[in-house]
Amino acid sequence: MLTINPNDLPTQKLHGYLQSSVGPRPIALASTIDANGEPNLSPFSFFNLFSTNPPILIFSPSRRVRNNTIKHTLINADLHKEVVINVVNYDMVQQTSLSSTEYADGVNEFVKAGFTMLPSEVVKPPRVKEAPVQFECRVNQIVSLGDGGGAGNLVICEVLRMHISEDILDAAGNIDQHKIDLVSRLGGNWYSRANDGLFEVEKPLTTLGIGVDAIPAFITNSPVFNGNDLGKLGNVEALPTAEEIATFVEGSFEAKALLSADDEQKKLQRAKEYLDANDVATAWKLLLTKGDF
């Protein structure tokens, strides 16, 4: 058996062992507002329920391991003492991952991830409409666990309002665990789906993804693509160039056939199949073959 003294490992290595050992962990998609009243959205898997009376949720925005800086969520929660914790199910997991991209201060992750802002009733931060359950919370206390890279900060949240989508309720008015279809976090790229076991989500780019807001309207408005598809499409650094698209068409009999048939629906459906196979680059090239952007 491998025996480890945490003091003997680099923080990043220890971080990987801990995250891969302690799980699956539920995900808090936390929305806050900054000093200028602008919304911020970010997911955290150091999260759980700790009390029913009073109703207390705790999540922990850790200090960044690589440079020991703190996250916008922590700054905002400390400033306003309010947060909305949105739960994450399978239908929104790719967009949630995209929202973790470290965009500059003031960039609205709701917009970048393609989520819909919904006004809260008793706190200022908006809710995520797509989340099956949303908790409006008051921040009762923030407990710092250290001042080094990787140190957590326990944000102790008291639930003031709980919003539940009627779509996930059973006939008795209880939450149906199959319908809510929650996802949870493991180590590396691994997640767990309550209804279907393990799956992978590619981490957001270390550079900035273009975001769902940069996807052409003919794609975002199409019923062919769901939120997870848009999350994948938004997690690319740049759209393919005209030259790359031309090279793709020249080397693809299928692309030529789709263009010859002039069947937009078939093209969209085929791009969807590429996305389902996690071949995002080919999906983008096929989608843009007619220069619709």
# chains A, B, ... in the order shown; residues from 1 in each chain; ligands from 1
>>> select_by_dssp(residues="region 23-263 of chain A", states="alpha helix (DSSP H)", output="PyMOL selection string")
chain A and resi 72-80+93-99+109-113+177-180+217-220+227-234+242-250+253-261
>>> write_last_selection(atoms="C-alpha atoms", output="CSV table (one decimal), in the first residue's frame")
chain,number,residue,atom,x,y,z
A,72,HIS,CA,-14.3,36.1,-7.5
A,73,THR,CA,-17.0,34.1,-5.8
A,74,LEU,CA,-15.2,34.3,-2.5
A,75,ILE,CA,-14.7,38.0,-2.8
A,76,ASN,CA,-18.3,38.6,-3.7
A,77,ALA,CA,-19.7,36.3,-1.0
A,78,ASP,CA,-17.7,38.1,1.6
A,79,LEU,CA,-18.7,41.5,0.3
A,80,HIS,CA,-22.5,41.1,0.0
A,93,VAL,CA,-23.1,19.7,-17.0
A,94,GLN,CA,-21.2,20.8,-20.1
A,95,GLN,CA,-22.3,24.4,-19.6
A,96,THR,CA,-21.5,24.2,-15.9
A,97,SER,CA,-17.9,23.1,-16.8
A,98,LEU,CA,-17.6,26.0,-19.3
A,99,SER,CA,-18.7,28.4,-16.5
A,109,GLU,CA,-20.4,33.6,-17.0
A,110,PHE,CA,-24.1,33.3,-17.4
A,111,VAL,CA,-23.7,34.7,-20.9
A,112,LYS,CA,-20.5,32.8,-21.7
A,113,ALA,CA,-22.0,29.5,-20.6
A,177,GLN,CA,-34.1,10.9,-8.0
A,178,HIS,CA,-34.4,9.6,-11.6
A,179,LYS,CA,-36.0,12.8,-12.9
A,180,ILE,CA,-33.5,15.2,-11.2
A,217,ALA,CA,-27.6,32.0,-33.8
A,218,PHE,CA,-28.5,29.3,-36.4
A,219,ILE,CA,-26.9,26.8,-34.0
A,220,THR,CA,-28.1,28.2,-30.7
A,227,GLY,CA,-27.2,22.8,-23.5
A,228,ASN,CA,-24.5,20.2,-23.3
A,229,ASP,CA,-23.8,20.5,-27.0
A,230,LEU,CA,-23.6,24.3,-26.7
A,231,GLY,CA,-21.2,23.9,-23.8
A,232,LYS,CA,-18.9,21.8,-25.9
A,233,LEU,CA,-19.1,24.2,-28.8
A,234,GLY,CA,-18.3,27.2,-26.6
A,242,ALA,CA,-12.1,29.5,-43.9
A,243,GLU,CA,-9.0,27.6,-45.0
A,244,GLU,CA,-9.5,24.9,-42.4
A,245,ILE,CA,-13.2,24.5,-43.4
A,246,ALA,CA,-12.2,24.3,-47.1
A,247,THR,CA,-9.6,21.6,-46.4
A,248,PHE,CA,-12.2,19.7,-44.4
A,249,VAL,CA,-14.8,19.8,-47.2
A,250,GLU,CA,-12.2,18.8,-49.8
A,253,PHE,CA,-17.0,12.8,-49.2
A,254,GLU,CA,-19.7,13.1,-46.5
A,255,ALA,CA,-19.4,16.9,-46.2
A,256,LYS,CA,-19.5,17.3,-50.0
A,257,ALA,CA,-22.7,15.1,-50.1
A,258,LEU,CA,-24.4,17.1,-47.4
A,259,LEU,CA,-23.6,20.3,-49.2
A,260,SER,CA,-24.8,18.9,-52.6
A,261,ALA,CA,-28.0,17.8,-51.0
>>> closest_residue(among="A:Pro43, A:Pro132, A:Pro223, A:Gly188", to="Met162 (chain A)", atoms="only C-alpha atoms")
A:Pro132
>>> select_by_dssp(residues="region 142-263 of chain A", states="strand (DSSP E or B)", output="PyMOL selection string")
chain A and resi 142-144+153-164+169+175+182-185+190-193+197-200
>>> residues_around(residues="Gly152 (chain A)", least_positions_apart="2", cutoff="12 Å", atoms="only C-alpha atoms", output="list of chain:residue names")
A:His15, A:Phe44, A:Ser45, A:Phe46, A:Phe47, A:Ile58, A:Phe59, A:Ser60, A:Pro61, A:Ser62, A:Arg63, A:Arg64, A:Val65, A:Asn68, A:Thr69, A:Ile70, A:Lys71, A:Leu74, A:Ile142, A:Val143, A:Ser144, A:Leu145, A:Gly146, A:Asp147, A:Gly148, A:Gly149, A:Gly150, A:Leu154, A:Val155
>>> atom_distance(atom1="CA of Asp105 (chain A)", atom2="CA of Asp34 (chain A)")
8.9 Å
>>> residues_around(residues="Ser192 (chain A)", least_positions_apart="2", cutoff="12 Å", atoms="only C-alpha atoms", output="list in words")
Gly23, Pro24, Arg25, Pro26, Ile27, Val88, Asn89, Tyr90, Val93, Asp181, Leu182, Val183, Ser184, Arg185, Leu186, Gly187, Gly188, Asn189, Trp190, Ala194, Asn195, Asp196, Gly197, Leu198, Phe199, Glu200 and Val201 of chain A
>>> write_last_selection(atoms="N, CA and C atoms", output="PDB file, in the first residue's frame")
ATOM      1  N   GLY A  23     -15.106  11.109  -3.118  1.00  0.00           N
ATOM      2  CA  GLY A  23     -16.129  11.388  -4.110  1.00  0.00           C
ATOM      3  C   GLY A  23     -17.102  10.222  -4.198  1.00  0.00           C
ATOM      4  N   PRO A  24     -18.133  10.343  -4.983  1.00  0.00           N
ATOM      5  CA  PRO A  24     -18.472  11.526  -5.794  1.00  0.00           C
ATOM      6  C   PRO A  24     -18.938  12.693  -4.935  1.00  0.00           C
ATOM      7  N   ARG A  25     -18.583  13.902  -5.390  1.00  0.00           N
ATOM      8  CA  ARG A  25     -18.917  15.116  -4.652  1.00  0.00           C
ATOM      9  C   ARG A  25     -19.993  15.895  -5.403  1.00  0.00           C
ATOM     10  N   PRO A  26     -21.067  16.339  -4.710  1.00  0.00           N
ATOM     11  CA  PRO A  26     -22.078  17.165  -5.384  1.00  0.00           C
ATOM     12  C   PRO A  26     -21.480  18.484  -5.831  1.00  0.00           C
ATOM     13  N   ILE A  27     -22.147  19.140  -6.749  1.00  0.00           N
ATOM     14  CA  ILE A  27     -21.633  20.369  -7.346  1.00  0.00           C
ATOM     15  C   ILE A  27     -22.545  21.533  -7.006  1.00  0.00           C
ATOM     16  N   VAL A  88     -26.703  20.923 -10.019  1.00  0.00           N
ATOM     17  CA  VAL A  88     -26.313  20.613 -11.398  1.00  0.00           C
ATOM     18  C   VAL A  88     -26.772  19.212 -11.760  1.00  0.00           C
ATOM     19  N   ASN A  89     -27.535  19.110 -12.854  1.00  0.00           N
ATOM     20  CA  ASN A  89     -27.903  17.798 -13.367  1.00  0.00           C
ATOM     21  C   ASN A  89     -27.233  17.561 -14.724  1.00  0.00           C
ATOM     22  N   TYR A  90     -27.504  16.390 -15.287  1.00  0.00           N
ATOM     23  CA  TYR A  90     -26.777  15.990 -16.495  1.00  0.00           C
ATOM     24  C   TYR A  90     -27.045  16.919 -17.672  1.00  0.00           C
ATOM     25  N   VAL A  93     -24.441  19.872 -17.534  1.00  0.00           N
ATOM     26  CA  VAL A  93     -23.092  19.664 -17.014  1.00  0.00           C
ATOM     27  C   VAL A  93     -22.008  20.295 -17.891  1.00  0.00           C
ATOM     28  N   ASP A 181     -31.788  13.602 -11.946  1.00  0.00           N
ATOM     29  CA  ASP A 181     -30.617  13.168 -12.723  1.00  0.00           C
ATOM     30  C   ASP A 181     -29.358  13.967 -12.365  1.00  0.00           C
ATOM     31  N   LEU A 182     -29.030  14.008 -11.080  1.00  0.00           N
ATOM     32  CA  LEU A 182     -27.893  14.793 -10.604  1.00  0.00           C
ATOM     33  C   LEU A 182     -26.559  14.239 -11.095  1.00  0.00           C
ATOM     34  N   VAL A 183     -25.571  15.113 -11.181  1.00  0.00           N
ATOM     35  CA  VAL A 183     -24.208  14.699 -11.483  1.00  0.00           C
ATOM     36  C   VAL A 183     -23.306  15.106 -10.327  1.00  0.00           C
ATOM     37  N   SER A 184     -22.167  14.449 -10.225  1.00  0.00           N
ATOM     38  CA  SER A 184     -21.219  14.734  -9.156  1.00  0.00           C
ATOM     39  C   SER A 184     -19.808  14.630  -9.695  1.00  0.00           C
ATOM     40  N   ARG A 185     -18.871  15.149  -8.927  1.00  0.00           N
ATOM     41  CA  ARG A 185     -17.490  15.304  -9.363  1.00  0.00           C
ATOM     42  C   ARG A 185     -16.601  14.230  -8.760  1.00  0.00           C
ATOM     43  N   LEU A 186     -15.675  13.751  -9.562  1.00  0.00           N
ATOM     44  CA  LEU A 186     -14.644  12.827  -9.114  1.00  0.00           C
ATOM     45  C   LEU A 186     -13.290  13.444  -9.443  1.00  0.00           C
ATOM     46  N   GLY A 187     -12.243  12.638  -9.578  1.00  0.00           N
ATOM     47  CA  GLY A 187     -10.925  13.162  -9.902  1.00  0.00           C
ATOM     48  C   GLY A 187     -10.728  13.353 -11.389  1.00  0.00           C
ATOM     49  N   GLY A 188      -9.734  14.189 -11.755  1.00  0.00           N
ATOM     50  CA  GLY A 188      -9.415  14.412 -13.170  1.00  0.00           C
ATOM     51  C   GLY A 188     -10.595  14.954 -13.939  1.00  0.00           C
ATOM     52  N   ASN A 189     -10.889  14.345 -15.091  1.00  0.00           N
ATOM     53  CA  ASN A 189     -12.023  14.754 -15.913  1.00  0.00           C
ATOM     54  C   ASN A 189     -13.296  13.981 -15.588  1.00  0.00           C
ATOM     55  N   TRP A 190     -13.256  13.150 -14.549  1.00  0.00           N
ATOM     56  CA  TRP A 190     -14.345  12.213 -14.311  1.00  0.00           C
ATOM     57  C   TRP A 190     -15.480  12.818 -13.493  1.00  0.00           C
ATOM     58  N   ALA A 194     -26.053  10.188 -11.671  1.00  0.00           N
ATOM     59  CA  ALA A 194     -26.883   9.364 -10.797  1.00  0.00           C
ATOM     60  C   ALA A 194     -27.624   8.276 -11.575  1.00  0.00           C
ATOM     61  N   ASN A 195     -28.029   8.576 -12.788  1.00  0.00           N
ATOM     62  CA  ASN A 195     -28.822   7.624 -13.566  1.00  0.00           C
ATOM     63  C   ASN A 195     -27.993   6.679 -14.423  1.00  0.00           C
ATOM     64  N   ASP A 196     -26.674   6.948 -14.556  1.00  0.00           N
ATOM     65  CA  ASP A 196     -25.947   6.177 -15.571  1.00  0.00           C
ATOM     66  C   ASP A 196     -24.453   6.059 -15.323  1.00  0.00           C
ATOM     67  N   GLY A 197     -23.976   6.187 -14.101  1.00  0.00           N
ATOM     68  CA  GLY A 197     -22.574   5.908 -13.801  1.00  0.00           C
ATOM     69  C   GLY A 197     -21.593   6.961 -14.288  1.00  0.00           C
ATOM     70  N   LEU A 198     -20.356   6.523 -14.568  1.00  0.00           N
ATOM     71  CA  LEU A 198     -19.244   7.423 -14.853  1.00  0.00           C
ATOM     72  C   LEU A 198     -19.261   7.968 -16.283  1.00  0.00           C
ATOM     73  N   PHE A 199     -18.774   9.201 -16.428  1.00  0.00           N
ATOM     74  CA  PHE A 199     -18.532   9.792 -17.745  1.00  0.00           C
ATOM     75  C   PHE A 199     -17.473  10.875 -17.582  1.00  0.00           C
ATOM     76  N   GLU A 200     -16.911  11.326 -18.710  1.00  0.00           N
ATOM     77  CA  GLU A 200     -15.861  12.344 -18.674  1.00  0.00           C
ATOM     78  C   GLU A 200     -16.349  13.656 -19.269  1.00  0.00           C
ATOM     79  N   VAL A 201     -15.869  14.749 -18.723  1.00  0.00           N
ATOM     80  CA  VAL A 201     -16.083  16.080 -19.267  1.00  0.00           C
ATOM     81  C   VAL A 201     -14.718  16.722 -19.418  1.00  0.00           C
TER      82      VAL A 201
END
>>> residues_around(residues="Pro125 (chain A)", least_positions_apart="2", cutoff="6 Å", atoms="only C-alpha atoms", output="ChimeraX atom specification")
/A:31-33,123
>>> atom_distance(atom1="CA of Pro6 (chain A)", atom2="CA of Leu29 (chain A)")
29.0 Å
>>> closest_residue(among="A:Asn226, A:Asn5, A:Ser120, A:Asn108", to="Glu38 (chain A)", atoms="only C-alpha atoms")
A:Asn108
>>> closest_residue(among="A:Leu268, A:Tyr274, A:Val159, A:Pro10", to="Leu287 (chain A)", atoms="only C-alpha atoms")
A:Leu268
>>> atom_distance(atom1="CA of Ile168 (chain A)", atom2="CA of Lys129 (chain A)")
13.9 Å
